[in-house]
>>> print(open('entry.pdb').read())   # PDB, C-alpha atoms
ATOM      1  CA  MET A   1      -6.965  16.235 -34.657
ATOM      2  CA  ALA A   2      -4.023  17.198 -36.939
ATOM      3  CA  ARG A   3      -5.685  20.544 -37.706
ATOM      4  CA  LEU A   4      -6.157  21.310 -34.024
ATOM      5  CA  LEU A   5      -2.574  20.369 -33.145
ATOM      6  CA  ASN A   6      -1.295  22.520 -36.035
ATOM      7  CA  ARG A   7      -3.122  25.467 -34.543
ATOM      8  CA  VAL A   8      -1.341  24.810 -31.258
ATOM      9  CA  TYR A   9       2.062  24.774 -32.971
ATOM     10  CA  LEU A  10       1.208  27.961 -34.850
ATOM     11  CA  GLY A  11       0.635  29.672 -31.512
ATOM     12  CA  ASP A  12      -3.163  29.688 -31.237
ATOM     13  CA  ASP A  13      -4.295  29.915 -27.675
ATOM     14  CA  ILE A  14      -6.019  26.552 -27.386
ATOM     15  CA  GLY A  15      -6.164  25.948 -23.678
ATOM     16  CA  VAL A  16      -4.541  23.054 -21.921
ATOM     17  CA  SER A  17      -7.934  22.224 -20.427
ATOM     18  CA  GLU A  18      -9.453  21.835 -23.921
ATOM     19  CA  LEU A  19      -6.644  19.428 -24.897
ATOM     20  CA  ARG A  20      -7.228  17.485 -21.669
ATOM     21  CA  ARG A  21     -10.967  17.350 -22.340
ATOM     22  CA  ARG A  22     -10.352  15.924 -25.809
ATOM     23  CA  ALA A  23      -7.863  13.412 -24.424
ATOM     24  CA  ALA A  24     -10.424  12.263 -21.840
ATOM     25  CA  ARG A  25     -13.010  11.769 -24.586
ATOM     26  CA  HIS A  26     -10.573   9.547 -26.536
ATOM     27  CA  VAL A  27      -9.715   7.558 -23.403
ATOM     28  CA  GLY A  28     -13.428   6.882 -22.913
ATOM     29  CA  ARG A  29     -13.508   5.387 -26.417
ATOM     30  CA  GLY A  30     -10.317   3.398 -25.895
ATOM     31  CA  GLN A  31      -8.424   5.547 -28.435
ATOM     32  CA  TYR A  32      -5.321   5.831 -26.320
ATOM     33  CA  ARG A  33      -2.868   6.850 -29.058
ATOM     34  CA  GLU A  34      -4.957   9.903 -29.891
ATOM     35  CA  ALA A  35      -5.294  10.735 -26.184
ATOM     36  CA  GLU A  36      -1.528  10.471 -25.758
ATOM     37  CA  CYS A  37      -1.017  12.921 -28.620
ATOM     38  CA  TYR A  38      -3.288  15.530 -27.024
ATOM     39  CA  LEU A  39      -1.749  15.130 -23.591
ATOM     40  CA  ARG A  40       1.840  15.338 -24.831
ATOM     41  CA  THR A  41       0.947  18.531 -26.715
ATOM     42  CA  ALA A  42      -0.688  19.967 -23.595
ATOM     43  CA  LEU A  43       2.383  19.082 -21.532
ATOM     44  CA  ARG A  44       4.702  20.758 -24.062
ATOM     45  CA  LEU A  45       2.500  23.832 -23.999
ATOM     46  CA  ARG A  46       2.465  23.914 -20.216
ATOM     47  CA  THR A  47       6.224  23.301 -19.952
ATOM     48  CA  ALA A  48       7.034  26.013 -22.484
ATOM     49  CA  ARG A  49       5.027  28.657 -20.685
ATOM     50  CA  VAL A  50       5.660  27.939 -17.030
ATOM     51  CA  ALA A  51       9.030  26.974 -15.574
ATOM     52  CA  SER A  52       8.059  25.371 -12.248
ATOM     53  CA  PRO A  53       5.559  22.490 -12.055
ATOM     54  CA  THR A  54       2.019  23.809 -11.744
ATOM     55  CA  CYS A  55      -1.103  21.925 -10.670
ATOM     56  CA  ASP A  56      -1.944  21.580 -14.351
ATOM     57  CA  ARG A  57       1.322  19.810 -14.998
ATOM     58  CA  LEU A  58       0.764  17.442 -12.071
ATOM     59  CA  LEU A  59      -2.604  16.448 -13.543
ATOM     60  CA  LEU A  60      -1.082  16.047 -16.992
ATOM     61  CA  TRP A  61       1.646  13.747 -15.664
ATOM     62  CA  ASN A  62      -0.979  11.586 -13.993
ATOM     63  CA  GLU A  63      -3.161  11.499 -17.106
ATOM     64  CA  LEU A  64      -0.213  10.747 -19.402
ATOM     65  CA  GLY A  65       0.832   8.004 -16.990
ATOM     66  CA  MET A  66      -2.607   6.420 -17.299
ATOM     67  CA  VAL A  67      -2.620   6.594 -21.085
ATOM     68  CA  CYS A  68       0.932   5.174 -21.226
ATOM     69  CA  LYS A  69      -0.205   2.282 -19.025
ATOM     70  CA  TYR A  70      -3.140   1.538 -21.317
ATOM     71  CA  LEU A  71      -0.693   1.675 -24.270
ATOM     72  CA  GLY A  72       1.606  -0.825 -22.550
ATOM     73  CA  LYS A  73       4.390   1.757 -22.028
ATOM     74  CA  PHE A  74       4.928   0.815 -18.400
ATOM     75  CA  PRO A  75       8.299   2.531 -17.713
ATOM     76  CA  ASP A  76       6.915   5.814 -19.112
ATOM     77  CA  ALA A  77       3.766   5.473 -17.017
ATOM     78  CA  ALA A  78       5.743   4.884 -13.801
ATOM     79  CA  ARG A  79       8.061   7.804 -14.617
ATOM     80  CA  TYR A  80       5.140  10.238 -15.003
ATOM     81  CA  TYR A  81       3.471   9.060 -11.783
ATOM     82  CA  ARG A  82       6.739   9.397  -9.863
ATOM     83  CA  LEU A  83       7.279  12.928 -11.200
ATOM     84  CA  ALA A  84       3.809  13.874  -9.991
ATOM     85  CA  LEU A  85       4.440  12.117  -6.667
ATOM     86  CA  ARG A  86       7.656  14.076  -6.148
ATOM     87  CA  HIS A  87       6.124  17.495  -6.830
ATOM     88  CA  ALA A  88       2.571  17.091  -5.490
ATOM     89  CA  PRO A  89       3.349  17.706  -1.788
ATOM     90  CA  ARG A  90       4.838  21.115  -2.663
ATOM     91  CA  ARG A  91       2.088  22.206  -5.043
ATOM     92  CA  LEU A  92      -1.017  20.884  -3.289
ATOM     93  CA  ALA A  93      -2.283  20.819   0.247
ATOM     94  CA  GLY A  94      -5.079  19.463   2.401
ATOM     95  CA  CYS A  95      -7.737  17.161   0.951
ATOM     96  CA  GLU A  96      -6.782  17.973  -2.613
ATOM     97  CA  ARG A  97      -3.220  16.757  -2.021
ATOM     98  CA  ASP A  98      -4.303  13.552  -0.278
ATOM     99  CA  PHE A  99      -6.889  12.720  -2.928
ATOM    100  CA  PHE A 100      -4.332  13.250  -5.690
ATOM    101  CA  LEU A 101      -1.660  11.222  -3.862
ATOM    102  CA  ALA A 102      -4.179   8.394  -3.435
ATOM    103  CA  ASN A 103      -4.776   8.487  -7.211
ATOM    104  CA  LEU A 104      -1.026   8.275  -7.850
ATOM    105  CA  TYR A 105      -0.568   5.282  -5.517
ATOM    106  CA  HIS A 106      -3.628   3.645  -7.087
ATOM    107  CA  ASN A 107      -2.144   4.151 -10.556
ATOM    108  CA  LEU A 108       1.371   3.005  -9.579
ATOM    109  CA  GLY A 109      -0.308  -0.156  -8.281
ATOM    110  CA  GLY A 110      -2.013  -0.433 -11.667
ATOM    111  CA  VAL A 111       1.334  -0.391 -13.492
ATOM    112  CA  GLU A 112       2.629  -3.194 -11.244
ATOM    113  CA  HIS A 113      -0.611  -5.134 -11.843
ATOM    114  CA  SER A 114      -0.095  -4.849 -15.603
ATOM    115  CA  LYS A 115       3.508  -6.040 -15.203
ATOM    116  CA  ARG A 116       2.201  -8.897 -13.011
ATOM    117  CA  CYS A 117       4.397  -7.699 -10.123
ATOM    118  CA  PHE A 118       1.544  -8.249  -7.691
ATOM    119  CA  ARG A 119       3.465  -7.980  -4.407
ATOM    120  CA  ARG A 120       4.773  -4.543  -5.283
ATOM    121  CA  GLY A 121       1.343  -3.608  -6.637
ATOM    122  CA  GLU A 122      -0.273  -4.581  -3.346
ATOM    123  CA  HIS A 123       1.973  -2.169  -1.471
ATOM    124  CA  TYR A 124       0.801   0.748  -3.639
ATOM    125  CA  ALA A 125      -2.859  -0.321  -3.649
ATOM    126  CA  ARG A 126      -2.971  -0.533   0.149
ATOM    127  CA  LYS A 127      -1.235   2.826   0.423
ATOM    128  CA  SER A 128      -3.833   4.392  -1.898
ATOM    129  CA  LEU A 129      -6.696   3.008   0.194
ATOM    130  CA  GLN A 130      -5.036   4.226   3.398
ATOM    131  CA  VAL A 131      -4.554   7.792   2.083
ATOM    132  CA  ARG A 132      -7.975   7.835   0.406
ATOM    133  CA  ARG A 133      -9.790   6.904   3.608
ATOM    134  CA  LYS A 134      -8.500  10.111   5.197
ATOM    135  CA  VAL A 135     -10.425  12.254   2.705
ATOM    136  CA  ALA A 136     -13.197  10.152   1.170
ATOM    137  CA  ALA A 137     -16.162   8.446   2.815
ATOM    138  CA  ALA A 138     -16.216   4.647   3.131
ATOM    139  CA  GLY A 139     -19.072   4.364   0.615
ATOM    140  CA  SER A 140     -17.602   6.757  -1.977
ATOM    141  CA  LEU A 141     -16.824   5.809  -5.563
ATOM    142  CA  ALA A 142     -13.159   6.624  -5.042
ATOM    143  CA  VAL A 143     -12.842   4.117  -2.181
ATOM    144  CA  ALA A 144     -14.734   1.574  -4.301
ATOM    145  CA  ALA A 145     -12.273   2.072  -7.174
ATOM    146  CA  ASP A 146      -9.338   1.546  -4.794
ATOM    147  CA  LYS A 147     -10.941  -1.618  -3.421
ATOM    148  CA  ALA A 148     -11.563  -3.006  -6.919
ATOM    149  CA  ALA A 149      -7.941  -2.250  -7.893
ATOM    150  CA  LEU A 150      -6.598  -3.965  -4.752
ATOM    151  CA  ALA A 151      -8.916  -6.927  -5.371
ATOM    152  CA  ALA A 152      -7.413  -7.453  -8.839
ATOM    153  CA  ILE A 153      -3.904  -7.423  -7.364
ATOM    154  CA  LEU A 154      -4.872  -9.963  -4.666
ATOM    155  CA  GLN A 155      -6.518 -12.091  -7.367
ATOM    156  CA  GLY A 156      -3.165 -12.124  -9.172
ATOM    157  CA  GLN A 157      -1.693 -13.692  -6.008
ATOM    158  CA  SER A 158      -4.513 -16.287  -5.872
ATOM    159  CA  ARG A 159      -5.922 -14.741  -2.669
ATOM    160  CA  PHE A 160      -9.448 -15.313  -3.909
ATOM    161  CA  THR A 161     -11.513 -14.980  -0.715
ATOM    162  CA  GLU A 162     -10.150 -11.535   0.166
ATOM    163  CA  SER A 163     -10.322 -10.494  -3.459
ATOM    164  CA  GLU A 164     -13.963 -11.555  -3.943
ATOM    165  CA  SER A 165     -15.050  -9.731  -0.788
ATOM    166  CA  LEU A 166     -13.442  -6.482  -2.021
ATOM    167  CA  TYR A 167     -15.030  -6.872  -5.486
ATOM    168  CA  ARG A 168     -18.458  -7.353  -3.845
ATOM    169  CA  GLN A 169     -18.002  -4.221  -1.730
ATOM    170  CA  ALA A 170     -16.945  -2.179  -4.775
ATOM    171  CA  LEU A 171     -19.833  -3.556  -6.801
ATOM    172  CA  ARG A 172     -22.379  -2.509  -4.151
ATOM    173  CA  THR A 173     -21.068   1.078  -4.230
ATOM    174  CA  TYR A 174     -20.923   1.203  -8.034
ATOM    175  CA  ARG A 175     -24.486  -0.117  -8.386
ATOM    176  CA  ARG A 176     -25.820   2.320  -5.812
ATOM    177  CA  ALA A 177     -24.159   5.234  -7.644
ATOM    178  CA  HIS A 178     -24.458   4.201 -11.306
ATOM    179  CA  GLY A 179     -27.323   1.732 -11.460
ATOM    180  CA  ALA A 180     -26.982  -1.693 -13.045
ATOM    181  CA  ARG A 181     -24.751  -0.833 -16.000
ATOM    182  CA  HIS A 182     -21.461   1.050 -16.054
ATOM    183  CA  PRO A 183     -17.966   0.411 -17.502
ATOM    184  CA  GLU A 184     -16.499   0.080 -13.973
ATOM    185  CA  ILE A 185     -19.144  -2.538 -13.145
ATOM    186  CA  ALA A 186     -18.222  -4.397 -16.333
ATOM    187  CA  VAL A 187     -14.550  -4.495 -15.305
ATOM    188  CA  VAL A 188     -15.457  -5.961 -11.898
ATOM    189  CA  LEU A 189     -17.745  -8.555 -13.532
ATOM    190  CA  ASN A 190     -14.955  -9.565 -15.912
ATOM    191  CA  ASN A 191     -12.542  -9.943 -13.005
ATOM    192  CA  LEU A 192     -15.076 -11.914 -10.960
ATOM    193  CA  GLY A 193     -15.545 -14.181 -13.991
ATOM    194  CA  ALA A 194     -11.796 -14.825 -14.038
ATOM    195  CA  LEU A 195     -11.786 -15.418 -10.282
ATOM    196  CA  TYR A 196     -14.609 -17.998 -10.526
ATOM    197  CA  GLN A 197     -12.903 -19.639 -13.496
ATOM    198  CA  SER A 198      -9.724 -20.058 -11.417
ATOM    199  CA  ALA A 199     -11.875 -21.579  -8.639
ATOM    200  CA  ALA A 200     -13.523 -23.961 -11.172
ATOM    201  CA  LEU A 201     -16.969 -22.390 -10.572
ATOM    202  CA  HIS A 202     -17.851 -22.642 -14.251
ATOM    203  CA  GLY A 203     -21.470 -21.466 -14.176
ATOM    204  CA  ARG A 204     -20.651 -18.300 -12.263
ATOM    205  CA  ALA A 205     -17.609 -17.644 -14.451
ATOM    206  CA  GLU A 206     -19.606 -17.822 -17.669
ATOM    207  CA  SER A 207     -22.506 -15.667 -16.452
ATOM    208  CA  ASN A 208     -20.117 -12.972 -15.192
ATOM    209  CA  TYR A 209     -18.169 -12.972 -18.465
ATOM    210  CA  ARG A 210     -21.342 -12.739 -20.522
ATOM    211  CA  ALA A 211     -22.717  -9.875 -18.428
ATOM    212  CA  ALA A 212     -19.355  -8.045 -18.626
ATOM    213  CA  LEU A 213     -19.134  -8.508 -22.392
ATOM    214  CA  GLN A 214     -22.647  -7.279 -23.041
ATOM    215  CA  MET A 215     -22.168  -4.276 -20.744
ATOM    216  CA  LYS A 216     -18.833  -3.325 -22.284
ATOM    217  CA  ARG A 217     -20.188  -3.540 -25.808
ATOM    218  CA  SER A 218     -23.171  -1.367 -25.011
ATOM    219  CA  GLN A 219     -21.349   1.114 -22.758
ATOM    220  CA  LEU A 220     -17.988   1.427 -24.523
ATOM    221  CA  GLY A 221     -18.673   0.245 -28.056
ATOM    222  CA  PRO A 222     -17.813  -3.091 -29.723
ATOM    223  CA  SER A 223     -14.251  -2.054 -30.682
ATOM    224  CA  HIS A 224     -13.079  -0.866 -27.283
ATOM    225  CA  PRO A 225      -9.906  -2.693 -26.120
ATOM    226  CA  ASP A 226     -11.629  -3.604 -22.811
ATOM    227  CA  VAL A 227     -14.049  -5.746 -24.854
ATOM    228  CA  ALA A 228     -11.071  -7.765 -26.123
ATOM    229  CA  ILE A 229      -9.944  -8.595 -22.573
ATOM    230  CA  THR A 230     -13.267 -10.273 -21.778
ATOM    231  CA  LEU A 231     -13.302 -12.018 -25.182
ATOM    232  CA  ASN A 232      -9.874 -13.485 -24.362
ATOM    233  CA  ASN A 233     -11.070 -14.727 -20.959
ATOM    234  CA  LEU A 234     -14.268 -16.118 -22.424
ATOM    235  CA  ALA A 235     -12.216 -17.891 -25.110
ATOM    236  CA  LEU A 236     -10.105 -19.561 -22.413
ATOM    237  CA  PHE A 237     -13.293 -20.501 -20.577
ATOM    238  CA  TYR A 238     -14.723 -22.146 -23.725
ATOM    239  CA  LYS A 239     -11.409 -23.906 -24.326
ATOM    240  CA  SER A 240     -11.437 -25.328 -20.792
ATOM    241  CA  ARG A 241     -14.958 -26.672 -21.446
ATOM    242  CA  GLY A 242     -13.990 -28.190 -24.797
ATOM    243  CA  GLY A 243     -15.713 -25.520 -26.941
ATOM    244  CA  LEU A 244     -12.816 -25.043 -29.335
ATOM    245  CA  SER A 245     -14.699 -23.382 -32.187
ATOM    246  CA  ALA A 246     -16.353 -20.837 -29.818
ATOM    247  CA  ALA A 247     -12.919 -20.187 -28.307
ATOM    248  CA  ASN A 248     -11.462 -19.718 -31.765
ATOM    249  CA  ARG A 249     -14.134 -17.146 -32.662
ATOM    250  CA  CYS A 250     -13.603 -15.166 -29.439
ATOM    251  CA  PHE A 251      -9.801 -15.097 -29.851
ATOM    252  CA  ARG A 252     -10.119 -13.881 -33.445
ATOM    253  CA  LYS A 253     -12.495 -11.089 -32.449
ATOM    254  CA  ALA A 254     -10.232 -10.067 -29.550
ATOM    255  CA  LEU A 255      -7.163  -9.936 -31.770
ATOM    256  CA  ARG A 256      -8.951  -7.883 -34.435
ATOM    257  CA  ILE A 257      -9.868  -5.291 -31.789
ATOM    258  CA  LEU A 258      -6.443  -5.184 -30.121
ATOM    259  CA  ASP A 259      -4.418  -5.104 -33.362
ATOM    260  CA  LYS A 260      -6.365  -2.049 -34.468
ATOM    261  CA  ALA A 261      -6.741  -0.221 -31.146
ATOM    262  CA  VAL A 262      -3.351  -0.671 -29.463
ATOM    263  CA  GLY A 263      -1.173  -2.447 -32.034
ATOM    264  CA  LYS A 264       0.437  -5.875 -32.440
ATOM    265  CA  LEU A 265       3.268  -5.136 -30.002
ATOM    266  CA  HIS A 266       1.072  -4.214 -27.039
ATOM    267  CA  PRO A 267       1.601  -6.670 -24.130
ATOM    268  CA  ASN A 268      -2.129  -7.579 -24.137
ATOM    269  CA  THR A 269      -2.143  -8.222 -27.903
ATOM    270  CA  ARG A 270       0.903 -10.451 -27.548
ATOM    271  CA  ALA A 271      -0.626 -12.312 -24.597
ATOM    272  CA  VAL A 272      -3.897 -12.935 -26.460
ATOM    273  CA  ARG A 273      -1.983 -14.075 -29.567
ATOM    274  CA  ARG A 274       0.042 -16.519 -27.457
ATOM    275  CA  ASN A 275      -3.192 -17.861 -25.945
ATOM    276  CA  PHE A 276      -4.685 -18.212 -29.421
ATOM    277  CA  LEU A 277      -1.650 -20.023 -30.826
ATOM    278  CA  ARG A 278      -1.864 -22.551 -27.991
ATOM    279  CA  LEU A 279      -5.403 -23.370 -29.075
ATOM    280  CA  ARG A 280      -4.277 -24.542 -32.517
TER     281      ARG A 280
ATOM    282  CA  MET B   1      11.410  46.654 -12.578
ATOM    283  CA  ALA B   2      10.743  46.276  -8.846
ATOM    284  CA  GLN B   3       7.005  46.561  -9.517
ATOM    285  CA  LYS B   4       7.242  43.863 -12.178
ATOM    286  CA  LYS B   5       8.973  41.553  -9.706
ATOM    287  CA  THR B   6       6.247  42.122  -7.121
ATOM    288  CA  THR B   7       3.527  41.366  -9.700
ATOM    289  CA  ALA B   8       5.246  38.130 -10.651
ATOM    290  CA  LYS B   9       5.548  37.139  -6.994
ATOM    291  CA  THR B  10       1.870  37.913  -6.358
ATOM    292  CA  ALA B  11       0.890  35.859  -9.388
ATOM    293  CA  LEU B  12       2.986  32.961  -8.133
ATOM    294  CA  ALA B  13       1.484  33.177  -4.664
ATOM    295  CA  SER B  14      -2.046  33.206  -6.061
ATOM    296  CA  GLN B  15      -1.433  29.994  -8.001
ATOM    297  CA  LYS B  16      -3.486  27.096  -6.682
ATOM    298  CA  LYS B  17      -2.121  26.441  -3.209
ATOM    299  CA  ILE B  18      -4.626  25.480  -0.609
ATOM    300  CA  ASP B  19      -4.301  26.549   2.990
ATOM    301  CA  LEU B  20      -3.050  23.668   5.099
ATOM    302  CA  LYS B  21      -5.601  24.558   7.745
ATOM    303  CA  THR B  22      -8.457  23.737   5.371
ATOM    304  CA  PRO B  23     -10.652  21.330   7.349
ATOM    305  CA  VAL B  24     -10.735  17.793   6.011
ATOM    306  CA  ARG B  25     -14.201  17.026   4.695
ATOM    307  CA  LYS B  26     -15.059  13.504   3.758
ATOM    308  CA  SER B  27     -17.223  13.462   0.699
ATOM    309  CA  SER B  28     -19.549  10.600  -0.102
ATOM    310  CA  THR B  29     -20.227  11.861  -3.624
ATOM    311  CA  THR B  30     -16.627  11.885  -4.816
ATOM    312  CA  VAL B  31     -16.672  10.816  -8.439
ATOM    313  CA  MET B  32     -13.507   9.371  -9.879
ATOM    314  CA  PRO B  33     -13.114  10.795 -13.387
ATOM    315  CA  ARG B  34     -12.241   8.238 -16.069
ATOM    316  CA  LEU B  35      -8.866   9.965 -16.524
ATOM    317  CA  ALA B  36      -7.781  10.132 -12.859
ATOM    318  CA  ALA B  37      -7.405   6.545 -11.667
ATOM    319  CA  ASN B  38      -6.984   3.513 -13.889
ATOM    320  CA  HIS B  39      -8.750   0.179 -13.560
ATOM    321  CA  ASN B  40      -6.951  -3.139 -13.151
ATOM    322  CA  GLU B  41      -8.489  -5.688 -15.441
ATOM    323  CA  THR B  42      -7.654  -9.379 -15.267
ATOM    324  CA  LEU B  43      -6.404 -10.868 -18.530
ATOM    325  CA  LEU B  44      -6.024 -14.609 -18.140
ATOM    326  CA  LEU B  45      -3.046 -16.442 -19.611
ATOM    327  CA  LYS B  46      -2.938 -20.118 -20.403
TER     328      LYS B  46
END
>>> encode(input="entry.pdb", output="structure tokens")
Amino acid sequence: MARLLNRVYLGDDIGVSELRRRAARHVGRGQYREAECYLRTALRLRTARVASPTCDRLLLWNELGMVCKYLGKFPDAARYYRLALRHAPRRLAGCERDFFLANLYHNLGGVEHSKRCFRRGEHYARKSLQVRRKVAAAGSLAVAADKAALAAILQGQSRFTESESLYRQALRTYRRAHGARHPEIAVVLNNLGALYQSAALHGRAESNYRAALQMKRSQLGPSHPDVAITLNNLALFYKSRGGLSAANRCFRKALRILDKAVGKLHPNTRAVRRNFLRLR
Amino acid sequence: MAQKKTTAKTALASQKKIDLKTPVRKSSTTVMPRLAANHNETLLLK
């Protein structure tokens, strides 16, 4: 990566789209710091060459916002989304504008979800679904993603019935489009596991966690930070059932992954460490 | 100089700007790229 970025600084014409492609590849592997580096370079390149915000820059703001969210830099993430939100209506039109605006609302809801500000998150998530429905079919993957995001926010408010129904709808669309195994399916299974755990449906919770964990490991790799989230939840499940040594093992694995992938100061790393310390 | 200005204006106008009259088509095959919309994953706290 350093060699490629050096070439950029030396004035080689490495396109913004190539930097975005590389960033997307790193995001897929959960290597968010590397992705951030590529995207910031692309943004500098784009800002240096063109004075007014172009479509490219709108996309870069959205992508940087996403990476910042995954890195736990929530104020940065919100700032990038808001920049894109401010300029998008002037730079885009028609379906393209509405689809992009729906993405921005979806992602702003995601930042609030991460900050556990669920009421504010719900406002954005509903707005994203409302705008999305204007341009995407009811059974599309984009609508499914919005429903899954809203479900997670409702889950945070303990509105389990509404949340479960939305997860089920999203899951049906994902399975029809992707088959049985996909990272998005794994996220929904993890969240359903947490929902059933909160409702004291232990059997369902465990089977959903196990399916999510296996799918994440095979689809994303064993060191992806998403794997650590399910390990944390599974650890709390074992703890609630009196399986302290299994819980201990899961927490340790989760912390090893998070420490390396996103660092000790990441909000998720700190939350998992707090959970682990309460076990001892 | 005037020609240069016109070229710059034309270039600006040709930048991606879709006609507002473009009919709205609902697509059922819209794929959400991994780097377009994030996922909200539940991390339990105890």
>>> interface_residues(input="entry.pdb", of="chain A", to="chain B", cutoff="7 Å", atoms="all atoms listed in the file", output="VMD selection string")
chain A and resid 24 55 63 66 91 to 95 103 106 to 107 110 113 135 to 137 139 to 142 149 152 187 191 194 229 233 271 275
>>> atom_distance(input="entry.pdb", atom1="atom CA of A:Asp76", atom2="atom CA of A:Lys147")
24.9 Å
>>> residues_around(input="entry.pdb", residues="A:Arg274", least_positions_apart="2", cutoff="12 Å", atoms="all atoms listed in the file", output="list in words")
Asn232, Leu236, Phe251, Leu255, Lys264, Pro267, Asn268, Thr269, Arg270, Ala271, Val272, Phe276, Leu277, Arg278, Leu279 and Arg280 of chain A; Leu44, Leu45 and Lys46 of chain B
>>> write_last_selection(input="entry.pdb", atoms="C-alpha atoms", output="PDB file, in the coordinates of the input")
ATOM      1  CA  ASN A 232      -9.874 -13.485 -24.362  1.00  0.00           C
ATOM      2  CA  LEU A 236     -10.105 -19.561 -22.413  1.00  0.00           C
ATOM      3  CA  PHE A 251      -9.801 -15.097 -29.851  1.00  0.00           C
ATOM      4  CA  LEU A 255      -7.163  -9.936 -31.770  1.00  0.00           C
ATOM      5  CA  LYS A 264       0.437  -5.875 -32.440  1.00  0.00           C
ATOM      6  CA  PRO A 267       1.601  -6.670 -24.130  1.00  0.00           C
ATOM      7  CA  ASN A 268      -2.129  -7.579 -24.137  1.00  0.00           C
ATOM      8  CA  THR A 269      -2.143  -8.222 -27.903  1.00  0.00           C
ATOM      9  CA  ARG A 270       0.903 -10.451 -27.548  1.00  0.00           C
ATOM     10  CA  ALA A 271      -0.626 -12.312 -24.597  1.00  0.00           C
ATOM     11  CA  VAL A 272      -3.897 -12.935 -26.460  1.00  0.00           C
ATOM     12  CA  PHE A 276      -4.685 -18.212 -29.421  1.00  0.00           C
ATOM     13  CA  LEU A 277      -1.650 -20.023 -30.826  1.00  0.00           C
ATOM     14  CA  ARG A 278      -1.864 -22.551 -27.991  1.00  0.00           C
ATOM     15  CA  LEU A 279      -5.403 -23.370 -29.075  1.00  0.00           C
ATOM     16  CA  ARG A 280      -4.277 -24.542 -32.517  1.00  0.00           C
TER      17      ARG A 280
ATOM     18  CA  LEU B  44      -6.024 -14.609 -18.140  1.00  0.00           C
ATOM     19  CA  LEU B  45      -3.046 -16.442 -19.611  1.00  0.00           C
ATOM     20  CA  LYS B  46      -2.938 -20.118 -20.403  1.00  0.00           C
TER      21      LYS B  46
END
>>> atom_distance(input="entry.pdb", atom1="atom CA of A:Gly221", atom2="atom CA of A:Ala235")
19.5 Å
>>> axis_aligned_box(input="entry.pdb", around="stretch 14-18 of chain A", padding_each_side="3 Å", output="lines of an AutoDock Vina configuration file")
center_x = -7.0
center_y = 24.2
center_z = -23.9
size_x = 10.9
size_y = 10.7
size_z = 13.0
>>> atom_distance(input="entry.pdb", atom1="atom CA of A:Ala35", atom2="atom CA of A:Gly65")
11.4 Å
>>> residues_around(input="entry.pdb", residues="A:Asn190", least_positions_apart="3", cutoff="6 Å", atoms="all atoms listed in the file", output="ChimeraX atom specification")
/A:187,193,209,212
>>> closest_residue(input="entry.pdb", among="A:Phe160, A:Lys216, A:Gln169, A:Arg20", to="A:Tyr196", atoms="all atoms listed in the file")
A:Phe160
>>> closest_residue(input="entry.pdb", among="A:His224, A:Arg159, A:Arg44, A:Arg33", to="A:Arg119", atoms="only C-alpha atoms")
A:Arg159
>>> resolve_selection(input="entry.pdb", expression="the PyMOL selection byres ((chain A and resi 165) around 12)", output="ChimeraX atom specification")
/A:144,147-148,150-152,154-155,159-164,166-172,188,192,195
>>> residues_around(input="entry.pdb", residues="A:Gln31", least_positions_apart="4", cutoff="9 Å", atoms="only C-alpha atoms", output="MDAnalysis selection string")
chainID A and resid 23 25:27 35:36 224:225 261:262
>>> closest_residue(input="entry.pdb", among="A:Lys134, A:Lys260, A:His202, A:Lys253", to="A:Ser240", atoms="all atoms listed in the file")
A:His202
>>> closest_residue(input="entry.pdb", among="A:Arg256, A:Leu59, A:Asn248, A:Gly28", to="A:Pro183", atoms="all atoms listed in the file")
A:Gly28
